[in-house]
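Before any comments, here is the structure.
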Amino acid sequence: MILAAILSSLIFLVSLGLIFSEKINRMIVGMAGAALMVGLGKLLGFYSEFQALASVDFNTLGLLLGMMILVALLEPTGFFQYLAVWAGKFSRGQPVRLLVLLGTVTTVVSMFLDNVTTIILIAPVTILICEILGINPTPFLLAEALLSNTGGVATLVGDPPNIIIASAAGLTFNDFLIYSLPIVIVVWLTALFLLRFLFRRELAVRPRKMKAVMSLDPAEALHDRKTAQKVLIVLGGAILLFFVSHFLHISPSFVALSATGVALVWVRPDVKKTLEHVEWSVLIFFAALFVMVGGLEAAGVLESLVGVLERASSIPPVWFGVIIIWVVACLSAILDNIPITIALVPVIQGLGAAGMDIIPLWWALAFGAGFGGNGTIIGSTANIVVATLSEKTRTPITTKLWNKRGLPVMLATCAVATILYILVFPLYSR
Amino acid sequence: MQIKDYMKKKVVSIPITSTIGEAATVIVEKHVGILPVVDEQGKPVGVVRLSDLLSLEMPDFIHLVTDFDFVHDFGAVETTRPAPELLTEPVTSIMQSVMTIEEDSGLLRAYAIMLQNYLYDLPVTNATGGLVGIVSRVDIATAILSMWSME
């Protein structure tokens, strides 16, 4: 069994390394890694196809797929453009107000919808608004990525790691609103004030043309009001159902997928076009990671990791949680936070089986995975998106700039989250 | 019917040592849309187009936002000029590769080359590769059309 443990760990670590190197698309790495893992498992007799299928968390995949289709329906209506233009107009061209409004809009939307899509659609309009104002778009783009990463931690559907954690730990939508949202609000405000401070020079510039922004009409940016209304009504219904899903004993994935069904019947879109907007590669990547981590579990790797961690259980539980926040945050800053979360879920479950109170650890994992992504330009997909978009402008966001303005935000958010975690720890532990 | 009978022989060009600012000045003064860049031997090595120069001033968002119908006032962009440092950069930094045609080439062939490569102007060279003239799509097309009425 030692051979199985070594070889399966090797497959997983090499895959992680390849994903980190970004030389090969992560979905391709995931697919190859998963196939190798099952092949090795069959060969050495520790893992079968059936076990592989059983390790895929279809609740996570269903919820993601449902939300992705809903966003795909909303995307072409111009709704995201509408929001950004509204923020621009309402700011009356004042840079600080613009930062707060765009940051808030992006955060609130990405608390319920995929934050990558939100950023992809709001960032170009942000650049537009800044250009007609005659100001540098960098602070606004950075704020959108950092604040939406931070805000995403607040809800079950806000961020993929949350979906994975909630599904594994049985945490409900309301659990997130009670145990995560209040902390995230404080952390988010910290991030906002820090950004305001870090970019004080850029934000002090008086825009040359405020009038141009005032002449923008959000309604004109909304191409398809009717479809937008329909999808938003369905989305509102889904969010209401998320609140009560626990009492009705229905899973979040069922809520998302049935909402998608209703929206599809109501809108009746061109199916081919709609499905083009769904990030199939992400879904396959997730499934492949579940299969790989399932292999690690079957080979006994995670068990021995749990054993090592158990020996450390002399550490007071609250500090154990704090360590998880920081270790996961540092890992998420340089690696993709999704494989980290998927790999740590069975480890935490193992600690639970060994008698540890793991509810606080789930929250530590969620905070670390969420806030850690702010640390580097490659820390989260949202960061990569704004950096890539800015490369097409005259003011590209560089790694150096991110280290100067983004990294402090990660450190501050993790520090504030740690303090709050320690303060509310008695509430987490049962 | 060769290109050399229909080309403009007074072709405006600039030396390879010019700056972007100098290219812009010549384009404005001569009111031309394309400026061949020539080396010491008078051979074309590239072109500067009016559109390449203008793109230095165009806002970034037009490449990022699919539809900007809702922007009625470009605001600060209308009065944004390229940085002065940019204008002193060598013209080679923005010049594009050039496609030329020999002076003894046929008209239809020249027109077909322009169509296929989405070109509107084509510098004309002699046997040794020296720049001797320039033709536009309109020059060639009207020359071809004029044959119709003669028959």
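Ligands are numbered from 1 in the order shown, chains are lettered A, B, ... in the order of the structure tokens, and residues start at 1 in each chain.
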
With 10 Å as the cut-off and only C-alpha atoms counted, what is the closest atom pair between each nearby residue of chain A and chain B? Distances in Å to one decimal, ordered by chain and number, as a Markdown table.
```
| residue | atom | partner | partner_atom | distance |
| --- | --- | --- | --- | --- |
| A:Gly78 | CA | B:Asp67 | CA | 9.9 |
| A:Gln81 | CA | B:Val65 | CA | 9.5 |
| A:Val85 | CA | B:Phe70 | CA | 9.5 |
| A:Leu121 | CA | B:Val65 | CA | 8.9 |
| A:Ile122 | CA | B:Val65 | CA | 9.9 |
| A:Ala123 | CA | B:Leu64 | CA | 9.1 |
| A:Pro124 | CA | B:Leu64 | CA | 5.6 |
| A:Val125 | CA | B:Val65 | CA | 6.8 |
| A:Thr126 | CA | B:Phe61 | CA | 9.0 |
| A:Ile127 | CA | B:Phe61 | CA | 6.1 |
| A:Leu128 | CA | B:Phe61 | CA | 5.1 |
| A:Ile129 | CA | B:Phe61 | CA | 8.9 |
| A:Cys130 | CA | B:Ala76 | CA | 9.1 |
| A:Glu131 | CA | B:Val77 | CA | 6.2 |
| A:Ile132 | CA | B:Gly75 | CA | 4.6 |
| A:Leu133 | CA | B:Ala76 | CA | 5.5 |
| A:Gly134 | CA | B:Ala76 | CA | 4.9 |
| A:Ile135 | CA | B:Ala76 | CA | 8.7 |
| A:Pro207 | CA | B:Ala76 | CA | 8.4 |
| A:Arg208 | CA | B:Ala76 | CA | 6.2 |
| A:Lys209 | CA | B:Ala76 | CA | 5.3 |
| A:Met210 | CA | B:Gly75 | CA | 7.7 |
| A:Lys211 | CA | B:Gly75 | CA | 7.4 |
| A:Ala212 | CA | B:Gly75 | CA | 4.8 |
| A:Val213 | CA | B:Gly75 | CA | 7.6 |
| A:Met214 | CA | B:Asp73 | CA | 9.5 |
| A:Ser215 | CA | B:Asp73 | CA | 7.1 |
| A:Leu216 | CA | B:Val71 | CA | 6.1 |
| A:Asp217 | CA | B:Phe70 | CA | 6.8 |
| A:Pro218 | CA | B:Phe70 | CA | 8.0 |
| A:Ala219 | CA | B:Phe70 | CA | 8.7 |
| A:Glu220 | CA | B:Phe70 | CA | 5.5 |
| A:Ala221 | CA | B:Phe70 | CA | 5.8 |
| A:Leu222 | CA | B:Phe70 | CA | 9.3 |
| A:Leu389 | CA | B:Leu64 | CA | 7.9 |
| A:Ser390 | CA | B:Asp60 | CA | 9.3 |
| A:Lys392 | CA | B:Asp60 | CA | 7.1 |
| A:Thr393 | CA | B:Asp60 | CA | 5.3 |
| A:Arg394 | CA | B:Asp60 | CA | 7.3 |
| A:Thr395 | CA | B:Asp60 | CA | 9.7 |
```

Mind dumping the selected residues with C-alpha atoms as a PDB file, in the first residue's frame?
```
ATOM      1  CA  GLY A  78     -26.530  43.755 -21.193  1.00  0.00           C
ATOM      2  CA  GLN A  81     -23.196  46.683 -18.518  1.00  0.00           C
ATOM      3  CA  VAL A  85     -22.956  52.324 -16.327  1.00  0.00           C
ATOM      4  CA  LEU A 121     -18.500  41.874 -18.142  1.00  0.00           C
ATOM      5  CA  ILE A 122     -18.034  44.795 -15.746  1.00  0.00           C
ATOM      6  CA  ALA A 123     -14.283  45.434 -16.215  1.00  0.00           C
ATOM      7  CA  PRO A 124     -14.488  46.591 -19.882  1.00  0.00           C
ATOM      8  CA  VAL A 125     -17.204  49.102 -18.979  1.00  0.00           C
ATOM      9  CA  THR A 126     -15.034  50.234 -16.069  1.00  0.00           C
ATOM     10  CA  ILE A 127     -12.207  50.962 -18.502  1.00  0.00           C
ATOM     11  CA  LEU A 128     -14.695  52.831 -20.712  1.00  0.00           C
ATOM     12  CA  ILE A 129     -15.925  54.998 -17.837  1.00  0.00           C
ATOM     13  CA  CYS A 130     -12.369  55.785 -16.702  1.00  0.00           C
ATOM     14  CA  GLU A 131     -11.278  56.706 -20.210  1.00  0.00           C
ATOM     15  CA  ILE A 132     -14.108  59.134 -20.824  1.00  0.00           C
ATOM     16  CA  LEU A 133     -13.429  60.617 -17.385  1.00  0.00           C
ATOM     17  CA  GLY A 134      -9.734  60.832 -18.209  1.00  0.00           C
ATOM     18  CA  ILE A 135      -8.519  58.858 -15.166  1.00  0.00           C
ATOM     19  CA  PRO A 207     -11.411  63.929 -13.671  1.00  0.00           C
ATOM     20  CA  ARG A 208     -11.241  66.228 -16.681  1.00  0.00           C
ATOM     21  CA  LYS A 209     -14.657  65.416 -18.078  1.00  0.00           C
ATOM     22  CA  MET A 210     -17.309  64.637 -15.510  1.00  0.00           C
ATOM     23  CA  LYS A 211     -20.125  65.733 -17.800  1.00  0.00           C
ATOM     24  CA  ALA A 212     -19.541  62.892 -20.270  1.00  0.00           C
ATOM     25  CA  VAL A 213     -20.261  60.311 -17.590  1.00  0.00           C
ATOM     26  CA  MET A 214     -23.398  62.155 -16.534  1.00  0.00           C
ATOM     27  CA  SER A 215     -24.719  61.886 -20.078  1.00  0.00           C
ATOM     28  CA  LEU A 216     -24.563  58.070 -20.007  1.00  0.00           C
ATOM     29  CA  ASP A 217     -27.941  56.374 -19.872  1.00  0.00           C
ATOM     30  CA  PRO A 218     -27.888  52.929 -18.175  1.00  0.00           C
ATOM     31  CA  ALA A 219     -31.154  51.956 -19.891  1.00  0.00           C
ATOM     32  CA  GLU A 220     -29.449  52.251 -23.266  1.00  0.00           C
ATOM     33  CA  ALA A 221     -26.774  49.762 -22.181  1.00  0.00           C
ATOM     34  CA  LEU A 222     -29.490  47.188 -21.405  1.00  0.00           C
ATOM     35  CA  LEU A 389      -7.904  42.865 -19.819  1.00  0.00           C
ATOM     36  CA  SER A 390      -5.613  45.632 -18.620  1.00  0.00           C
ATOM     37  CA  LYS A 392      -4.925  45.475 -23.794  1.00  0.00           C
ATOM     38  CA  THR A 393      -4.838  49.032 -22.437  1.00  0.00           C
ATOM     39  CA  ARG A 394      -2.174  51.679 -22.021  1.00  0.00           C
ATOM     40  CA  THR A 395      -2.040  51.038 -18.262  1.00  0.00           C
TER      41      THR A 395
END
```

Which of stretch 40-141 of chain B counts as alpha helix (DSSP H) under DSSP, as a PDB file with N, CA and C atoms, in the first residue's frame please?
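And here is the file that came out, states02.pdb:
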```
ATOM      1  N   LEU B  50      -2.423  56.066 -42.164  1.00  0.00           N
ATOM      2  CA  LEU B  50      -3.150  57.052 -41.375  1.00  0.00           C
ATOM      3  C   LEU B  50      -3.825  56.368 -40.184  1.00  0.00           C
ATOM      4  N   SER B  51      -4.392  55.160 -40.453  1.00  0.00           N
ATOM      5  CA  SER B  51      -5.132  54.464 -39.397  1.00  0.00           C
ATOM      6  C   SER B  51      -4.194  53.990 -38.272  1.00  0.00           C
ATOM      7  N   ASP B  52      -2.940  53.633 -38.629  1.00  0.00           N
ATOM      8  CA  ASP B  52      -1.996  53.216 -37.578  1.00  0.00           C
ATOM      9  C   ASP B  52      -1.687  54.382 -36.658  1.00  0.00           C
ATOM     10  N   LEU B  53      -1.515  55.559 -37.274  1.00  0.00           N
ATOM     11  CA  LEU B  53      -1.227  56.750 -36.468  1.00  0.00           C
ATOM     12  C   LEU B  53      -2.418  57.101 -35.591  1.00  0.00           C
ATOM     13  N   LEU B  54      -3.609  56.993 -36.170  1.00  0.00           N
ATOM     14  CA  LEU B  54      -4.806  57.363 -35.425  1.00  0.00           C
ATOM     15  C   LEU B  54      -5.067  56.418 -34.256  1.00  0.00           C
ATOM     16  N   SER B  55      -4.668  55.147 -34.447  1.00  0.00           N
ATOM     17  CA  SER B  55      -4.945  54.188 -33.368  1.00  0.00           C
ATOM     18  C   SER B  55      -4.148  54.520 -32.110  1.00  0.00           C
ATOM     19  N   PRO B  84       3.981  63.114 -25.828  1.00  0.00           N
ATOM     20  CA  PRO B  84       5.010  63.708 -26.685  1.00  0.00           C
ATOM     21  C   PRO B  84       6.195  62.762 -26.919  1.00  0.00           C
ATOM     22  N   GLU B  85       6.533  61.937 -25.917  1.00  0.00           N
ATOM     23  CA  GLU B  85       7.654  60.997 -26.078  1.00  0.00           C
ATOM     24  C   GLU B  85       7.386  60.031 -27.222  1.00  0.00           C
ATOM     25  N   LEU B  86       6.082  59.691 -27.370  1.00  0.00           N
ATOM     26  CA  LEU B  86       5.707  58.715 -28.389  1.00  0.00           C
ATOM     27  C   LEU B  86       6.026  59.245 -29.788  1.00  0.00           C
ATOM     28  N   LEU B  87       5.856  60.564 -29.964  1.00  0.00           N
ATOM     29  CA  LEU B  87       6.039  61.146 -31.289  1.00  0.00           C
ATOM     30  C   LEU B  87       7.501  61.202 -31.709  1.00  0.00           C
ATOM     31  N   LEU B 107      -3.228  45.202 -64.669  1.00  0.00           N
ATOM     32  CA  LEU B 107      -4.166  45.898 -63.779  1.00  0.00           C
ATOM     33  C   LEU B 107      -5.022  44.944 -62.958  1.00  0.00           C
ATOM     34  N   LEU B 108      -5.568  43.920 -63.629  1.00  0.00           N
ATOM     35  CA  LEU B 108      -6.442  42.995 -62.898  1.00  0.00           C
ATOM     36  C   LEU B 108      -5.676  42.261 -61.809  1.00  0.00           C
ATOM     37  N   ARG B 109      -4.439  41.905 -62.111  1.00  0.00           N
ATOM     38  CA  ARG B 109      -3.608  41.220 -61.129  1.00  0.00           C
ATOM     39  C   ARG B 109      -3.408  42.123 -59.906  1.00  0.00           C
ATOM     40  N   ALA B 110      -3.107  43.389 -60.175  1.00  0.00           N
ATOM     41  CA  ALA B 110      -2.907  44.344 -59.073  1.00  0.00           C
ATOM     42  C   ALA B 110      -4.176  44.476 -58.240  1.00  0.00           C
ATOM     43  N   TYR B 111      -5.314  44.554 -58.945  1.00  0.00           N
ATOM     44  CA  TYR B 111      -6.584  44.706 -58.220  1.00  0.00           C
ATOM     45  C   TYR B 111      -6.868  43.480 -57.346  1.00  0.00           C
ATOM     46  N   ALA B 112      -6.584  42.289 -57.930  1.00  0.00           N
ATOM     47  CA  ALA B 112      -6.833  41.047 -57.184  1.00  0.00           C
ATOM     48  C   ALA B 112      -5.959  40.974 -55.935  1.00  0.00           C
ATOM     49  N   ILE B 113      -4.700  41.402 -56.049  1.00  0.00           N
ATOM     50  CA  ILE B 113      -3.799  41.397 -54.881  1.00  0.00           C
ATOM     51  C   ILE B 113      -4.359  42.304 -53.788  1.00  0.00           C
ATOM     52  N   MET B 114      -4.857  43.477 -54.206  1.00  0.00           N
ATOM     53  CA  MET B 114      -5.421  44.409 -53.218  1.00  0.00           C
ATOM     54  C   MET B 114      -6.643  43.820 -52.530  1.00  0.00           C
ATOM     55  N   LEU B 115      -7.511  43.179 -53.323  1.00  0.00           N
ATOM     56  CA  LEU B 115      -8.721  42.592 -52.758  1.00  0.00           C
ATOM     57  C   LEU B 115      -8.363  41.538 -51.715  1.00  0.00           C
ATOM     58  N   GLN B 116      -7.442  40.647 -52.130  1.00  0.00           N
ATOM     59  CA  GLN B 116      -7.122  39.528 -51.259  1.00  0.00           C
ATOM     60  C   GLN B 116      -6.454  39.966 -49.960  1.00  0.00           C
ATOM     61  N   ARG B 137      -6.825  51.747 -55.122  1.00  0.00           N
ATOM     62  CA  ARG B 137      -7.860  50.889 -55.683  1.00  0.00           C
ATOM     63  C   ARG B 137      -8.661  51.666 -56.726  1.00  0.00           C
ATOM     64  N   VAL B 138      -8.941  52.931 -56.392  1.00  0.00           N
ATOM     65  CA  VAL B 138      -9.745  53.748 -57.304  1.00  0.00           C
ATOM     66  C   VAL B 138      -8.989  53.958 -58.622  1.00  0.00           C
ATOM     67  N   ASP B 139      -7.653  54.206 -58.557  1.00  0.00           N
ATOM     68  CA  ASP B 139      -6.849  54.366 -59.779  1.00  0.00           C
ATOM     69  C   ASP B 139      -7.012  53.150 -60.688  1.00  0.00           C
ATOM     70  N   ILE B 140      -6.812  51.984 -60.112  1.00  0.00           N
ATOM     71  CA  ILE B 140      -6.854  50.755 -60.907  1.00  0.00           C
ATOM     72  C   ILE B 140      -8.265  50.475 -61.395  1.00  0.00           C
ATOM     73  N   ALA B 141      -9.233  50.562 -60.475  1.00  0.00           N
ATOM     74  CA  ALA B 141     -10.601  50.210 -60.826  1.00  0.00           C
ATOM     75  C   ALA B 141     -11.136  51.118 -61.927  1.00  0.00           C
TER      76      ALA B 141
END
```

I want to know what sits within 12 Å of stretch 17-19 of chain B, based on only C-alpha atoms, with residues of the same chain fewer than 2 positions away left out; could you give that as a PDB file with C-alpha atoms, in the first residue's frame?
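Heads up, here's the output in part.pdb:
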```pdb
ATOM      1  CA  SER B  13       7.637  58.694 -48.918  1.00  0.00           C
ATOM      2  CA  ILE B  14       9.784  59.085 -45.803  1.00  0.00           C
ATOM      3  CA  PRO B  15      13.239  57.778 -44.917  1.00  0.00           C
ATOM      4  CA  GLY B  21       5.865  62.771 -35.402  1.00  0.00           C
ATOM      5  CA  GLU B  22       7.583  63.496 -38.735  1.00  0.00           C
ATOM      6  CA  ALA B  23       5.481  60.838 -40.465  1.00  0.00           C
ATOM      7  CA  ALA B  24       2.338  62.456 -39.062  1.00  0.00           C
ATOM      8  CA  THR B  25       3.439  65.894 -40.293  1.00  0.00           C
ATOM      9  CA  VAL B  26       4.076  64.620 -43.838  1.00  0.00           C
ATOM     10  CA  LEU B  35       3.211  56.674 -46.480  1.00  0.00           C
ATOM     11  CA  PRO B  36       5.841  54.223 -47.782  1.00  0.00           C
ATOM     12  CA  VAL B  37       9.011  54.092 -45.672  1.00  0.00           C
ATOM     13  CA  VAL B  38      12.159  53.723 -47.803  1.00  0.00           C
ATOM     14  CA  ASP B  39      15.750  52.739 -47.022  1.00  0.00           C
ATOM     15  CA  GLU B  40      18.932  54.501 -48.293  1.00  0.00           C
ATOM     16  CA  VAL B  45      10.772  48.638 -46.350  1.00  0.00           C
ATOM     17  CA  VAL B  48       2.798  53.971 -42.180  1.00  0.00           C
ATOM     18  CA  LEU B  53      -1.227  56.750 -36.468  1.00  0.00           C
ATOM     19  CA  PRO B  84       5.010  63.708 -26.685  1.00  0.00           C
ATOM     20  CA  GLU B  85       7.654  60.997 -26.078  1.00  0.00           C
ATOM     21  CA  LEU B  86       5.707  58.715 -28.389  1.00  0.00           C
ATOM     22  CA  LEU B  87       6.039  61.146 -31.289  1.00  0.00           C
ATOM     23  CA  THR B  88       9.831  61.160 -31.101  1.00  0.00           C
ATOM     24  CA  GLU B  89      10.001  57.373 -31.350  1.00  0.00           C
ATOM     25  CA  PRO B  90      11.329  55.985 -34.657  1.00  0.00           C
ATOM     26  CA  VAL B  91       8.732  55.371 -37.324  1.00  0.00           C
ATOM     27  CA  THR B  92       9.939  51.762 -37.499  1.00  0.00           C
ATOM     28  CA  SER B  93       8.174  51.099 -34.188  1.00  0.00           C
ATOM     29  CA  ILE B  94       4.713  51.464 -35.734  1.00  0.00           C
ATOM     30  CA  MET B  95       5.338  50.821 -39.424  1.00  0.00           C
TER      31      MET B  95
END
```

Under the rule of at most 7 Å, produce a per-residue listing of stretch 149-204 of chain A near stretch 96-110 of chain A: chain, number, name, the closest pair of atoms, and the distance in Å, as CSV, using only C-alpha atoms.
```
residue,atom,partner,partner_atom,distance
A:Gly151,CA,A:Thr107,CA,5.4
A:Gly152,CA,A:Ser110,CA,6.1
A:Gly158,CA,A:Ser110,CA,6.1
A:Leu203,CA,A:Val96,CA,6.1
```

Those same residues, written as a PDB file, in the first residue's frame with N, CA, C and O atoms?
```
ATOM      1  N   GLY A 151     -15.879  39.421  -1.125  1.00  0.00           N
ATOM      2  CA  GLY A 151     -17.322  39.321  -0.902  1.00  0.00           C
ATOM      3  C   GLY A 151     -17.859  37.937  -1.184  1.00  0.00           C
ATOM      4  O   GLY A 151     -18.831  37.495  -0.562  1.00  0.00           O
ATOM      5  N   GLY A 152     -17.223  37.233  -2.118  1.00  0.00           N
ATOM      6  CA  GLY A 152     -17.698  35.900  -2.494  1.00  0.00           C
ATOM      7  C   GLY A 152     -17.719  34.914  -1.337  1.00  0.00           C
ATOM      8  O   GLY A 152     -18.461  33.938  -1.358  1.00  0.00           O
ATOM      9  N   GLY A 158     -21.355  32.040  -3.503  1.00  0.00           N
ATOM     10  CA  GLY A 158     -20.487  33.138  -3.905  1.00  0.00           C
ATOM     11  C   GLY A 158     -19.185  32.706  -4.563  1.00  0.00           C
ATOM     12  O   GLY A 158     -18.649  33.408  -5.405  1.00  0.00           O
ATOM     13  N   LEU A 203      -6.610  58.395  -6.733  1.00  0.00           N
ATOM     14  CA  LEU A 203      -8.013  58.761  -6.521  1.00  0.00           C
ATOM     15  C   LEU A 203      -8.181  60.252  -6.241  1.00  0.00           C
ATOM     16  O   LEU A 203      -9.298  60.767  -6.243  1.00  0.00           O
TER      17      LEU A 203
END
```

Compile the contact shell of A:Gly294 as a list in words: residues with an atom at most 8 Å away, counting only C-alpha atoms, same-chain residues fewer than 5 positions apart removed.
Gln51, Ala52, Ser55 and Val56 of chain A

Export N, CA, C and O atoms of the chosen residues as a tab-separated table (two decimals), in the first residue's frame?
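Final output, again.tsv:
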```
chain	number	residue	atom	x	y	z
A	51	GLN	N	-15.59	3.61	-7.49
A	51	GLN	CA	-15.16	4.51	-6.41
A	51	GLN	C	-14.89	5.90	-6.97
A	51	GLN	O	-15.20	6.90	-6.34
A	52	ALA	N	-14.31	5.93	-8.18
A	52	ALA	CA	-13.99	7.21	-8.81
A	52	ALA	C	-15.27	8.01	-9.03
A	52	ALA	O	-15.35	9.20	-8.70
A	55	SER	N	-16.69	9.38	-5.91
A	55	SER	CA	-16.01	10.51	-5.24
A	55	SER	C	-16.34	11.86	-5.89
A	55	SER	O	-16.00	12.89	-5.35
A	56	VAL	N	-16.99	11.83	-7.06
A	56	VAL	CA	-17.38	13.10	-7.68
A	56	VAL	C	-18.59	13.66	-6.94
A	56	VAL	O	-19.58	12.97	-6.75
```

Calculate how many Å separate atom CA of A:Leu7 from atom CA of A:Val327, rounding to one decimal.
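Distance reported for this atom pair: 24.6 Å.
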